[in-house]
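Enquirer: One file: entry_12.txt (compact mmCIF, C-alpha atoms).
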```txt
# COMPACT_ATOMS: atom_id res chain seq x y z
CA MET Y 1 53.71 101.62 119.31
CA ASP Y 2 54.58 105.12 120.51
CA GLN Y 3 52.21 107.25 118.43
CA VAL Y 4 53.68 110.38 119.98
CA PHE Y 5 57.17 109.58 118.67
CA LEU Y 6 55.82 108.64 115.23
CA ASP Y 7 54.10 112.00 115.02
CA ARG Y 8 57.32 113.65 116.19
CA LEU Y 9 59.21 112.13 113.25
CA LEU Y 10 56.57 113.37 110.85
CA GLU Y 11 56.93 116.83 112.37
CA ALA Y 12 60.71 116.63 111.95
CA VAL Y 13 60.42 116.09 108.17
CA ASP Y 14 57.61 118.57 107.59
CA ASP Y 15 58.06 121.36 105.05
CA ASP Y 16 57.96 123.81 107.95
CA ARG Y 17 60.34 121.82 110.14
CA THR Y 18 62.15 123.52 113.00
CA ASP Y 19 64.59 120.62 113.57
CA ALA Y 20 68.04 120.55 111.99
CA GLY Y 21 68.70 116.90 112.70
CA ILE Y 22 69.02 114.13 115.25
CA SER Y 23 72.24 113.64 117.18
CA VAL Y 24 73.51 110.62 119.09
CA ARG Y 25 76.43 111.19 121.43
CA GLY Y 26 77.97 108.26 123.23
CA VAL Y 27 80.78 108.11 125.79
CA TYR Y 28 82.78 104.89 126.18
CA ARG Y 29 85.77 103.57 128.10
CA ALA Y 30 88.22 100.90 127.04
CA ALA Y 31 87.55 97.40 128.38
CA ALA Y 32 90.05 95.92 130.86
CA ASP Y 33 92.41 98.92 130.67
CA GLU Y 34 92.70 102.23 128.85
CA LYS Y 35 94.59 100.86 125.83
CA VAL Y 36 92.86 100.25 122.47
CA MET Y 37 93.91 99.21 118.97
CA PRO Y 38 92.81 101.79 116.37
CA PRO Y 39 92.71 100.98 112.65
CA THR Y 40 96.12 101.20 110.98
CA PHE Y 41 97.04 103.05 107.81
CA PRO Y 42 100.12 102.89 105.51
CA GLY Y 43 102.92 105.33 106.21
CA ALA Y 44 105.25 106.39 108.97
CA ARG Y 45 102.36 107.01 111.39
CA PRO Y 46 100.13 103.93 111.50
CA TYR Y 47 97.27 105.67 113.34
CA LEU Y 48 95.18 108.63 112.30
CA LEU Y 49 95.81 111.32 114.93
CA GLU Y 50 94.12 114.69 114.66
CA PRO Y 51 92.99 117.63 116.79
CA ARG Y 52 89.25 118.11 117.35
CA ARG Y 53 87.02 120.58 119.07
CA VAL Y 54 85.42 118.66 121.92
CA GLU Y 55 83.00 120.55 124.17
CA GLY Y 56 84.62 123.85 123.24
CA GLU Y 57 88.22 122.69 123.77
CA THR Y 58 90.86 121.58 121.30
CA ARG Y 59 91.78 118.00 122.15
CA LYS Y 60 94.18 115.53 120.59
CA THR Y 61 92.24 112.52 119.29
CA VAL Y 62 92.79 109.22 117.50
CA VAL Y 63 90.32 107.82 114.98
CA LEU Y 64 88.79 104.55 116.16
CA ASP Y 65 86.15 104.04 113.46
CA GLN Y 66 85.42 106.13 110.40
CA VAL Y 67 82.09 106.97 108.78
CA PRO Y 68 82.09 104.21 106.11
CA SER Y 69 83.00 101.57 108.69
CA GLN Y 70 80.22 102.70 111.03
CA ALA Y 71 77.72 102.50 108.17
CA ASN Y 72 78.86 98.95 107.43
CA ARG Y 73 78.31 98.01 111.09
CA ILE Y 74 74.75 99.31 110.90
CA GLU Y 75 74.09 97.41 107.67
CA GLU Y 76 75.46 94.26 109.33
CA ALA Y 77 73.09 94.81 112.26
CA LEU Y 78 70.13 95.37 109.93
CA LEU Y 79 70.94 92.18 108.02
CA ALA Y 80 71.18 90.17 111.25
CA ALA Y 81 67.84 91.59 112.42
CA ARG Y 82 66.24 90.79 109.06
CA ASP Y 83 67.58 87.23 109.13
CA LYS Y 84 66.02 86.83 112.58
CA GLY Y 85 62.67 88.21 111.41
CA ARG Y 86 62.88 91.35 113.56
CA ILE Y 87 62.67 93.84 110.69
CA GLU Y 88 61.16 93.69 107.20
CA LEU Y 89 63.43 95.02 104.46
CA PRO Y 90 63.97 94.44 100.74
CA LEU Y 91 67.07 92.41 99.91
CA PHE Y 92 69.10 91.27 96.94
CA GLU Y 93 70.86 88.01 97.78
CA LEU Y 94 73.69 86.58 95.67
CA GLN Y 95 74.37 82.88 96.24
CA ALA Y 96 77.57 81.43 94.78
CA LYS Y 97 78.48 77.74 94.93
CA THR Y 98 82.16 77.03 95.53
CA SER Y 99 84.18 73.91 96.27
CA ARG Y 100 84.23 75.06 99.90
CA GLY Y 101 80.49 75.53 100.16
CA ALA Y 102 78.03 78.30 99.42
CA VAL Y 103 78.99 81.98 99.57
CA ARG Y 104 76.27 84.48 100.39
CA LEU Y 105 76.44 88.21 99.66
CA THR Y 106 73.55 90.63 100.07
CA SER Y 107 72.71 94.20 99.18
CA LEU Y 108 73.37 95.09 102.83
CA GLU Y 109 76.96 93.95 102.26
CA PHE Y 110 77.73 95.11 98.71
CA PRO Y 111 80.47 97.78 98.95
CA HIS Y 112 78.70 100.19 96.57
CA ARG Y 113 75.14 99.24 97.53
CA TYR Y 114 72.69 99.47 94.59
CA ALA Y 115 75.53 100.47 92.23
CA ASP Y 116 77.79 97.55 93.13
CA ALA Y 117 79.61 95.36 90.62
CA TYR Y 118 78.39 92.21 92.39
CA LEU Y 119 74.83 93.23 91.55
CA ARG Y 120 75.72 94.29 88.01
CA ASP Y 121 77.54 91.00 87.35
CA SER Y 122 74.80 88.74 88.68
CA LEU Y 123 72.01 86.85 86.94
CA LEU Y 124 68.31 86.82 87.73
CA ASP Y 125 66.62 83.76 86.24
CA GLY Y 126 69.49 83.51 83.76
CA VAL Y 127 69.27 87.18 82.68
CA ARG Y 128 71.96 89.76 83.40
CA PHE Y 129 70.71 91.84 86.31
CA ASP Y 130 70.70 95.18 84.48
CA LYS Y 131 68.38 93.66 81.85
CA SER Y 132 66.00 92.18 84.43
CA ASP Y 133 62.88 94.05 85.56
CA PRO Y 134 64.34 94.95 89.00
CA GLY Y 135 67.62 95.99 87.36
CA LYS Y 136 65.86 98.21 84.85
CA ARG Y 137 63.84 99.76 87.65
CA LEU Y 138 66.98 100.67 89.61
CA ARG Y 139 68.46 102.24 86.47
CA GLU Y 140 65.49 104.65 86.43
CA VAL Y 141 66.59 106.35 89.65
CA SER Y 142 67.40 110.04 89.39
CA PRO Y 143 67.91 113.05 91.68
CA GLU Y 144 64.30 114.01 90.92
CA ASP Y 145 62.88 110.56 91.65
CA VAL Y 146 64.47 108.23 94.21
CA ARG Y 147 61.47 105.91 94.35
CA PRO Y 148 63.37 102.96 92.79
CA LEU Y 149 65.84 103.01 95.69
CA PHE Y 150 63.13 103.61 98.29
CA GLU Y 151 61.36 100.52 96.95
CA ARG Y 152 64.34 98.18 96.64
CA ASP Y 153 67.47 99.52 98.39
CA PRO Y 154 66.73 102.26 100.93
CA GLY Y 155 70.20 101.87 102.45
CA SER Y 156 71.63 103.57 99.37
CA LEU Y 157 69.67 106.70 100.31
CA ILE Y 158 70.58 106.57 104.00
CA PHE Y 159 74.30 105.74 103.73
CA GLY Y 160 75.02 107.09 100.25
CA ALA Y 161 75.81 105.51 96.87
CA TRP Y 162 77.26 106.40 93.51
CA ASP Y 163 77.52 104.34 90.34
CA SER Y 164 81.07 105.24 89.31
CA HIS Y 165 81.80 102.25 87.03
CA ARG Y 166 79.20 102.64 84.29
CA LYS Y 167 79.53 105.11 81.46
CA GLY Y 168 77.53 108.29 81.74
CA ARG Y 169 76.72 110.68 84.55
CA TRP Y 170 74.87 108.62 87.10
CA PRO Y 171 73.43 110.36 90.14
CA ARG Y 172 75.33 110.57 93.40
CA PHE Y 173 73.33 110.13 96.57
CA ALA Y 174 74.99 111.68 99.59
CA ARG Y 175 74.54 109.97 102.94
CA PHE Y 176 72.24 111.74 105.39
CA TYR Y 177 73.35 109.53 108.27
CA THR Y 178 76.92 109.73 109.60
CA SER Y 179 78.63 108.27 112.63
CA ALA Y 180 82.26 108.13 113.78
CA MET Y 181 84.18 107.05 116.87
CA PHE Y 182 87.38 108.56 118.24
CA GLY Y 183 89.52 108.37 121.37
CA LEU Y 184 90.61 111.35 123.47
CA ASP Y 185 94.15 112.17 124.63
CA PRO Y 186 95.89 109.26 122.86
CA LEU Y 187 99.30 108.09 124.05
CA GLU Y 188 100.96 105.75 121.57
CA GLY Y 189 102.33 102.49 122.92
CA GLU Y 190 104.82 99.96 121.61
CA ARG Y 191 104.60 96.25 120.99
CA ARG Y 192 107.17 93.59 120.18
CA SER Y 193 105.70 90.48 118.62
CA MET Y 194 106.92 86.90 118.76
CA ARG Y 195 105.37 83.64 117.67
CA LYS Y 196 106.39 80.80 119.98
CA ASP Y 197 106.80 77.16 119.03
CA PRO Y 198 106.78 74.74 122.02
CA LEU Y 199 109.53 72.64 120.34
CA ASN Y 200 111.29 75.58 118.67
CA LEU Y 201 111.79 73.63 115.42
CA GLN Y 202 114.84 74.75 113.43
CA GLY Y 203 116.10 73.97 109.96
CA SER Y 204 115.05 74.64 106.37
CA ILE Y 205 112.94 73.34 103.48
CA ASP Y 206 112.99 73.52 99.69
CA ASP Y 207 112.65 76.95 98.14
CA LYS Y 208 109.37 76.25 96.32
CA THR Y 209 107.59 74.32 99.05
CA ARG Y 210 104.08 75.41 100.00
CA ALA Y 211 102.61 74.94 103.46
CA GLU Y 212 99.96 72.44 102.35
CA ALA Y 213 102.34 70.32 100.20
CA ASP Y 214 104.80 67.59 101.17
CA TRP Y 215 108.16 69.02 102.15
CA THR Y 216 111.67 67.79 102.93
CA PHE Y 217 113.43 68.76 106.11
CA TYR Y 218 117.05 69.89 106.11
CA ALA Y 219 118.94 70.32 109.34
CA GLU Y 220 121.02 73.45 109.76
CA GLY Y 221 124.11 73.20 107.61
CA GLU Y 222 122.70 70.52 105.27
CA LYS Y 223 121.32 72.95 102.72
CA ALA Y 224 122.88 76.29 101.97
CA LYS Y 225 119.79 77.80 100.39
CA GLY Y 226 116.14 77.27 101.18
CA LYS Y 227 113.19 78.55 103.10
CA LYS Y 228 113.08 78.61 106.86
CA LEU Y 229 110.59 76.36 108.60
CA SER Y 230 108.89 79.49 109.89
CA GLU Y 231 107.69 80.26 106.35
CA ILE Y 232 105.29 77.30 106.51
CA GLY Y 233 104.24 77.90 110.12
CA HIS Y 234 106.85 76.03 112.20
CA GLY Y 235 109.47 77.47 114.53
CA GLN Y 236 109.65 80.76 116.39
CA ILE Y 237 109.59 84.24 114.90
CA LEU Y 238 110.77 87.40 116.59
CA ALA Y 239 109.65 90.42 114.63
CA ASN Y 240 112.56 92.57 113.46
CA THR Y 241 110.44 95.68 113.09
CA GLU Y 242 108.22 97.52 115.50
CA THR Y 243 104.55 96.60 115.46
CA PRO Y 244 101.93 99.28 116.19
CA GLY Y 245 101.35 99.02 119.91
CA GLY Y 246 97.94 100.60 120.33
CA VAL Y 247 97.11 103.77 122.22
CA SER Y 248 96.00 104.66 125.71
CA ILE Y 249 92.97 106.98 125.77
CA SER Y 250 91.14 108.85 128.51
CA GLN Y 251 87.77 107.92 126.92
CA ALA Y 252 86.13 107.20 123.56
CA ARG Y 253 83.32 109.10 121.91
CA ARG Y 254 80.75 108.27 119.24
CA ASP Y 255 79.11 111.14 117.40
CA ALA Y 256 76.26 110.30 115.03
CA TRP Y 257 74.19 112.75 113.03
CA ILE Y 258 71.03 112.33 110.95
CA SER Y 259 70.76 115.36 108.71
CA LEU Y 260 67.18 116.47 108.10
CA GLY Y 261 68.54 118.92 105.54
CA GLY Y 262 70.07 116.01 103.65
CA LEU Y 263 66.87 113.99 103.93
CA GLU Y 264 64.88 116.99 102.70
CA ARG Y 265 66.81 116.97 99.41
CA LEU Y 266 65.38 113.59 98.39
CA ARG Y 267 62.70 113.86 95.72
CA PHE Y 268 60.00 111.27 95.02
CA GLY Y 269 58.80 112.07 91.54
CA ASP Y 270 55.19 113.09 91.16
CA VAL Y 271 53.84 111.78 94.46
CA SER Y 272 51.84 114.05 96.71
CA SER Y 273 53.55 116.16 99.30
CA GLU Y 274 52.03 113.99 102.08
CA THR Y 275 53.38 110.80 100.47
CA ALA Y 276 56.82 112.36 100.22
CA ARG Y 277 56.64 113.39 103.87
CA LEU Y 278 55.71 109.85 104.89
CA ALA Y 279 58.54 108.42 102.76
CA ARG Y 280 61.12 110.72 104.38
CA ALA Y 281 59.82 109.84 107.85
CA THR Y 282 60.08 106.14 106.93
CA LEU Y 283 63.73 106.57 105.94
CA LEU Y 284 64.38 108.56 109.11
CA ALA Y 285 62.87 105.78 111.23
CA LEU Y 286 64.94 103.18 109.38
CA ALA Y 287 68.14 105.15 110.02
CA LEU Y 288 67.26 105.29 113.71
CA ALA Y 289 66.42 101.57 113.77
CA GLY Y 290 69.80 100.75 112.24
CA ASP Y 291 71.62 102.98 114.72
CA ARG Y 292 69.80 101.41 117.66
CA LEU Y 293 70.35 97.85 116.43
CA ALA Y 294 74.08 98.44 116.04
CA PHE Y 295 74.87 100.71 118.96
CA ASP Y 296 72.18 100.57 121.64
CA ARG Y 297 74.35 97.97 123.33
CA PRO Y 298 76.36 97.88 126.58
CA SER Y 299 79.57 97.67 124.56
CA ALA Y 300 80.93 98.22 121.08
CA TRP Y 301 83.48 95.72 119.74
CA LEU Y 302 85.30 97.38 116.85
CA ARG Y 303 88.14 94.93 116.29
CA SER Y 304 90.58 92.74 118.20
CA GLY Y 305 91.96 94.85 121.03
CA CYS Y 306 89.30 97.54 120.70
CA ASP Y 307 86.38 96.58 122.94
CA LEU Y 308 84.60 99.64 124.34
CA LEU Y 309 82.15 99.78 127.25
CA ARG Y 310 79.35 102.33 127.03
CA VAL Y 311 79.31 104.85 129.87
CA SER Y 312 76.50 107.14 128.70
CA GLU Y 313 74.52 108.07 125.61
CA THR Y 314 72.24 110.93 124.61
CA LEU Y 315 69.80 111.08 121.70
CA ALA Y 316 68.34 114.46 120.83
CA PHE Y 317 66.51 116.48 118.23
CA GLU Y 318 68.74 119.46 117.46
CA ARG Y 319 66.40 122.41 116.93
CA ASP Y 320 66.53 125.80 115.32
CA GLY Y 321 68.29 128.29 117.59
CA GLY Y 322 70.54 125.69 119.22
CA GLU Y 323 67.88 124.10 121.40
CA THR Y 324 67.95 120.34 122.04
CA GLU Y 325 65.12 117.94 122.81
CA GLU Y 326 66.39 114.70 124.31
CA PHE Y 327 64.56 111.41 123.88
CA SER Y 328 65.08 107.70 124.45
CA LEU Y 329 64.50 104.99 121.87
CA SER Y 330 65.13 101.25 121.82
CA ALA Y 331 65.75 99.17 118.72
CA ALA Y 332 62.37 97.46 119.12
CA GLU Y 333 60.58 100.81 119.35
CA ALA Y 334 62.40 102.19 116.32
CA ILE Y 335 61.57 99.09 114.26
CA GLN Y 336 57.91 99.33 115.23
CA VAL Y 337 57.73 102.98 114.19
CA PHE Y 338 59.53 102.16 110.93
CA HIS Y 339 57.06 99.39 110.06
CA GLU Y 340 54.08 101.63 110.78
CA LEU Y 341 55.42 104.52 108.69
CA ARG Y 342 56.37 102.15 105.85
CA ASP Y 343 52.82 100.75 105.83
CA ARG Y 344 51.29 104.24 105.82
CA THR Y 345 53.52 105.21 102.89
CA ALA Y 346 52.44 102.08 101.01
CA THR Y 347 48.80 103.00 101.58
CA GLU Y 348 49.55 106.31 99.84
CA GLY Y 349 50.91 104.45 96.80
CA LEU Y 350 54.66 104.24 97.48
CA ALA Y 351 55.53 100.74 98.72
CA MET Y 352 58.86 99.56 100.07
CA ALA Y 353 59.37 95.88 99.28
CA ALA Y 354 60.12 93.29 101.97
CA ASP Y 355 61.00 90.24 99.85
CA THR Y 356 64.32 88.73 98.82
CA ILE Y 357 65.38 88.63 95.17
CA GLN Y 358 67.66 85.63 94.67
CA LEU Y 359 70.59 86.03 92.29
CA GLU Y 360 73.43 83.89 90.99
CA PRO Y 361 76.82 85.08 89.75
CA HIS Y 362 77.66 85.48 86.09
CA PRO Y 363 80.04 82.61 85.10
CA SER Y 364 83.08 84.91 85.10
CA LEU Y 365 82.17 86.29 88.51
CA ALA Y 366 81.61 82.74 89.76
CA LYS Y 367 85.17 81.82 88.72
CA ALA Y 368 86.55 84.91 90.47
CA ILE Y 369 84.67 84.01 93.66
CA GLU Y 370 85.92 80.41 93.52
CA PHE Y 371 89.50 81.63 93.17
CA ALA Y 372 89.11 84.13 96.03
CA VAL Y 373 87.71 81.47 98.33
CA THR Y 374 90.12 78.64 97.52
CA LYS Y 375 93.39 80.03 96.19
CA ALA Y 376 93.88 83.76 96.72
CA THR Y 377 96.10 85.08 99.49
CA ASP Y 378 95.25 87.92 101.87
CA GLU Y 379 97.78 90.21 100.23
CA GLY Y 380 96.51 93.52 98.71
```
What is this structure when it is put down as structure tokens?
Expert:
Amino acid sequence: MDQVFLDRLLEAVDDDRTDAGISVRGVYRAAADEKVMPPTFPGARPYLLEPRRVEGETRKTVVLDQVPSQANRIEEALLAARDKGRIELPLFELQAKTSRGAVRLTSLEFPHRYADAYLRDSLLDGVRFDKSDPGKRLREVSPEDVRPLFERDPGSLIFGAWDSHRKGRWPRFARFYTSAMFGLDPLEGERRSMRKDPLNLQGSIDDKTRAEADWTFYAEGEKAKGKKLSEIGHGQILANTETPGGVSISQARRDAWISLGGLERLRFGDVSSETARLARATLLALALAGDRLAFDRPSAWLRSGCDLLRVSETLAFERDGGETEEFSLSAAEAIQVFHELRDRTATEGLAMAADTIQLEPHPSLAKAIEFAVTKATDEG
């Protein structure tokens, strides 16, 4: 383990810190060609285009991945690493049995993290989660004492969480890690879509026929009213409307920021100042481990049609006065430092768990999951 880097993280979270935060700046190019598919949004303009200040110049940009999506990618990477035994983290795991097999959801996937409805509407040994010992412990979290989240769901402190569905004024925890990706100099393209059928089947079916049910074929002219064969997956379709055609970009950027000011705001109850410092350094190391697991890769695949190849990347401590101190860090190194800091914090009396708490859905939630898996459509 790199003792020098571990000590550097402790220095970064010290009461007399001279660091503002840690930045990660990555430069990427589009795979195959310079065209990528950004996320789409409702409205006349499907893509989010906006001007940004890039290296002192105002540049036109297109959003490729927003902050919440980047956080989800890191949580996905942390879960994969945990499943492989690479990193030790606490986990809530909800297992639901459906007619199509088991469904697994974890606290690294819950949309609202510790405050999520999946957790609230689960059972632990037959008891509603909020009334279980771990549930009661999470309910004790406050702006003055974040130890319950440090112990059981540190991701809520790193990526932010707010319990907005229960009555009362529950604390909001702002994320201290942010990351976003955008493309420079976007030129919007066009696309015309068509689904081809090798036999180009033509005709119609009954109005109420579903794709998986038996259906009756009617040749053209035999039935005045009815569905087209294309509505159950046969025949060719030529889209009548324009489909978003992606954008050409000169390059893509990823800007990540770990705010030491945000981390400094976390309070740990009545622990000693040294224990609090170790706890903050542990969270800092975990944020770095997540970033490295997700993005210290030769490419970043964001979605179909948006595969980005890494050109360069810089990690740096951003210091008081505008100075920067660059460093390199692999995922394995970050995990090792995280484990060491976590163990030191536990020795001081504040322990982060590493076990899995198994949950099952409340009967009503189980029915909702069964319906979602077997009968619901993909519409809104």
Enquirer: Determine the nearest neighbour of Asp16 of chain Y from the options Y:Leu260, Y:Val63, Y:Ile205, Y:Leu350, counting all atoms listed in the file.
Expert: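 Result for the nearest residue to Asp16 of chain Y: Y:Leu260.
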Enquirer: Using all atoms listed in the file, can you tell me which of Y:Phe110, Y:Trp257, Y:Phe159, Y:Phe182 comes closest to Val54 of chain Y?
Expert: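 For Val54 of chain Y, the nearest of the candidates is Y:Phe182.
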Enquirer: Write out as number ranges by chain the residues lying within 8 Å of Leu89 of chain Y, counting all atoms listed in the file and excluding same-chain residues fewer than 4 positions away.
Expert: Y: 82, 352-355
Enquirer: Which residue, Y:Glu370, Y:Arg292, Y:Met37, Y:Leu359, has the smallest gap to Ser132 of chain Y when you use only C-alpha atoms?
Expert: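 Under the stated criterion, the closest residue is Y:Leu359.
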Enquirer: Of the candidates Y:Ala117, Y:Ala30, Y:Ile258, Y:Val62, which one gets nearest to Ile158 of chain Y if we count all atoms listed in the file?
Expert: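 That would be Y:Ile258, the residue with the smallest distance to Ile158 of chain Y.
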Enquirer: Just checking: using only C-alpha atoms, which residue out of Y:Arg128, Y:Arg147, Y:Arg59, Y:Arg120 ends up closest to Asp270 of chain Y?
Expert: Y:Arg147
Enquirer: Put the listed atoms of segment 157-167 of chain Y in a box along x, y and z with 5 Å added on every side and give me the centre and edge lengths in Å to one decimal, as JSON.
Expert:
```
{"center_x": 75.7, "center_y": 104.7, "center_z": 92.7, "size_x": 22.1, "size_y": 14.8, "size_z": 32.5}
```
Enquirer: Could you name the residues that touch Leu184 of chain Y at 12 Å or less, counting all atoms listed in the file, but leaving out those on the same chain fewer than 2 positions away, as JSON, numbers by chain?
Expert: {"Y": [27, 28, 29, 30, 34, 35, 36, 49, 50, 51, 52, 53, 54, 55, 57, 58, 59, 60, 61, 62, 63, 64, 181, 182, 186, 187, 188, 247, 248, 249, 250, 251, 252, 253, 254]}
Enquirer: Given all atoms listed in the file as the basis, pick out the residue of Y:Ile335, Y:Leu138, Y:Ala77, Y:Leu308 nearest to Leu286 of chain Y.
Expert: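 Among Y:Ile335, Y:Leu138, Y:Ala77, Y:Leu308, it is Y:Ile335 that comes nearest to Leu286 of chain Y.
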Enquirer: When you draw a straight line from atom CA of Ser364 of chain Y to atom CA of His112 of chain Y, how long is it in Å?
Expert: 19.6 Å
Enquirer: Neighbours of Asp291 of chain Y within 12 Å (only C-alpha atoms; same-chain residues fewer than 3 positions away dropped), as a PDB file with C-alpha atoms, in the frame of the given file?
Expert:
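part-v1.pdb was written with the following content:
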```
ATOM      1  CA  ILE Y  22      69.020 114.130 115.250  1.00  0.00           C
ATOM      2  CA  SER Y  23      72.240 113.640 117.180  1.00  0.00           C
ATOM      3  CA  VAL Y  24      73.510 110.620 119.090  1.00  0.00           C
ATOM      4  CA  ARG Y  25      76.430 111.190 121.430  1.00  0.00           C
ATOM      5  CA  GLY Y  26      77.970 108.260 123.230  1.00  0.00           C
ATOM      6  CA  GLN Y  70      80.220 102.700 111.030  1.00  0.00           C
ATOM      7  CA  ALA Y  71      77.720 102.500 108.170  1.00  0.00           C
ATOM      8  CA  ASN Y  72      78.860  98.950 107.430  1.00  0.00           C
ATOM      9  CA  ARG Y  73      78.310  98.010 111.090  1.00  0.00           C
ATOM     10  CA  ILE Y  74      74.750  99.310 110.900  1.00  0.00           C
ATOM     11  CA  GLU Y  75      74.090  97.410 107.670  1.00  0.00           C
ATOM     12  CA  GLU Y  76      75.460  94.260 109.330  1.00  0.00           C
ATOM     13  CA  ALA Y  77      73.090  94.810 112.260  1.00  0.00           C
ATOM     14  CA  LEU Y  78      70.130  95.370 109.930  1.00  0.00           C
ATOM     15  CA  ILE Y 158      70.580 106.570 104.000  1.00  0.00           C
ATOM     16  CA  PHE Y 159      74.300 105.740 103.730  1.00  0.00           C
ATOM     17  CA  TYR Y 177      73.350 109.530 108.270  1.00  0.00           C
ATOM     18  CA  THR Y 178      76.920 109.730 109.600  1.00  0.00           C
ATOM     19  CA  SER Y 179      78.630 108.270 112.630  1.00  0.00           C
ATOM     20  CA  ALA Y 180      82.260 108.130 113.780  1.00  0.00           C
ATOM     21  CA  ARG Y 254      80.750 108.270 119.240  1.00  0.00           C
ATOM     22  CA  ASP Y 255      79.110 111.140 117.400  1.00  0.00           C
ATOM     23  CA  ALA Y 256      76.260 110.300 115.030  1.00  0.00           C
ATOM     24  CA  TRP Y 257      74.190 112.750 113.030  1.00  0.00           C
ATOM     25  CA  ILE Y 258      71.030 112.330 110.950  1.00  0.00           C
ATOM     26  CA  LEU Y 284      64.380 108.560 109.110  1.00  0.00           C
ATOM     27  CA  ALA Y 285      62.870 105.780 111.230  1.00  0.00           C
ATOM     28  CA  LEU Y 286      64.940 103.180 109.380  1.00  0.00           C
ATOM     29  CA  ALA Y 287      68.140 105.150 110.020  1.00  0.00           C
ATOM     30  CA  LEU Y 288      67.260 105.290 113.710  1.00  0.00           C
ATOM     31  CA  ALA Y 294      74.080  98.440 116.040  1.00  0.00           C
ATOM     32  CA  PHE Y 295      74.870 100.710 118.960  1.00  0.00           C
ATOM     33  CA  ASP Y 296      72.180 100.570 121.640  1.00  0.00           C
ATOM     34  CA  ARG Y 297      74.350  97.970 123.330  1.00  0.00           C
ATOM     35  CA  LEU Y 315      69.800 111.080 121.700  1.00  0.00           C
ATOM     36  CA  LEU Y 329      64.500 104.990 121.870  1.00  0.00           C
ATOM     37  CA  SER Y 330      65.130 101.250 121.820  1.00  0.00           C
ATOM     38  CA  ALA Y 331      65.750  99.170 118.720  1.00  0.00           C
ATOM     39  CA  ALA Y 332      62.370  97.460 119.120  1.00  0.00           C
ATOM     40  CA  ALA Y 334      62.400 102.190 116.320  1.00  0.00           C
ATOM     41  CA  ILE Y 335      61.570  99.090 114.260  1.00  0.00           C
TER      42      ILE Y 335
END
```
Enquirer: Name the residues in contact with Phe129 of chain Y at a cut-off of 10 Å, using only C-alpha atoms, excluding same-chain residues fewer than 6 positions from it; report them as an mmCIF file with C-alpha atoms, keeping the file's coordinate frame.
Expert:
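Contents of selection29.cif, freshly written:
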```cif
data_model
loop_
_atom_site.group_PDB
_atom_site.id
_atom_site.type_symbol
_atom_site.label_atom_id
_atom_site.label_comp_id
_atom_site.auth_asym_id
_atom_site.auth_seq_id
_atom_site.Cartn_x
_atom_site.Cartn_y
_atom_site.Cartn_z
ATOM 1 C CA TYR Y 118 78.390 92.210 92.390
ATOM 2 C CA LEU Y 119 74.830 93.230 91.550
ATOM 3 C CA ARG Y 120 75.720 94.290 88.010
ATOM 4 C CA ASP Y 121 77.540 91.000 87.350
ATOM 5 C CA SER Y 122 74.800 88.740 88.680
ATOM 6 C CA LEU Y 123 72.010 86.850 86.940
ATOM 7 C CA GLY Y 135 67.620 95.990 87.360
ATOM 8 C CA LYS Y 136 65.860 98.210 84.850
ATOM 9 C CA LEU Y 359 70.590 86.030 92.290
ATOM 10 C CA GLU Y 360 73.430 83.890 90.990
ATOM 11 C CA PRO Y 361 76.820 85.080 89.750
ATOM 12 C CA HIS Y 362 77.660 85.480 86.090
#
```
Enquirer: State, in Å with one decimal place, the distance from atom CA of Ser299 of chain Y to atom CA of Gly245 of chain Y.
Expert: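 Interatomic distance, atom CA of Ser299 of chain Y to atom CA of Gly245 of chain Y: 22.3 Å.
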Enquirer: For atom CA of Arg86 of chain Y and atom CA of Arg342 of chain Y, determine how far apart the two atoms are, in Å to one decimal place.
Expert: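 Atom CA of Arg86 of chain Y sits 14.8 Å away from atom CA of Arg342 of chain Y.
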Enquirer: Have segment 173-180 of chain Y completed to N, CA and C atoms, please, and pass it along as a CSV table (one decimal), in the frame of the given file.
Expert:
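Just written: selection.csv:
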```
chain,number,residue,atom,x,y,z
Y,173,PHE,N,74.2,109.9,95.4
Y,173,PHE,CA,73.3,110.1,96.6
Y,173,PHE,C,74.2,110.2,97.8
Y,174,ALA,N,74.2,111.4,98.4
Y,174,ALA,CA,75.0,111.7,99.6
Y,174,ALA,C,74.3,111.1,100.8
Y,175,ARG,N,75.1,110.5,101.7
Y,175,ARG,CA,74.5,110.0,102.9
Y,175,ARG,C,73.9,111.1,103.8
Y,176,PHE,N,72.8,110.8,104.4
Y,176,PHE,CA,72.2,111.7,105.4
Y,176,PHE,C,72.4,111.2,106.8
Y,177,TYR,N,73.0,110.0,107.0
Y,177,TYR,CA,73.4,109.5,108.3
Y,177,TYR,C,74.9,109.4,108.3
Y,178,THR,N,75.5,109.9,109.4
Y,178,THR,CA,76.9,109.7,109.6
Y,178,THR,C,77.2,109.4,111.1
Y,179,SER,N,78.2,108.6,111.3
Y,179,SER,CA,78.6,108.3,112.6
Y,179,SER,C,80.1,108.0,112.6
Y,180,ALA,N,80.8,108.4,113.7
Y,180,ALA,CA,82.3,108.1,113.8
Y,180,ALA,C,82.6,108.0,115.2
```
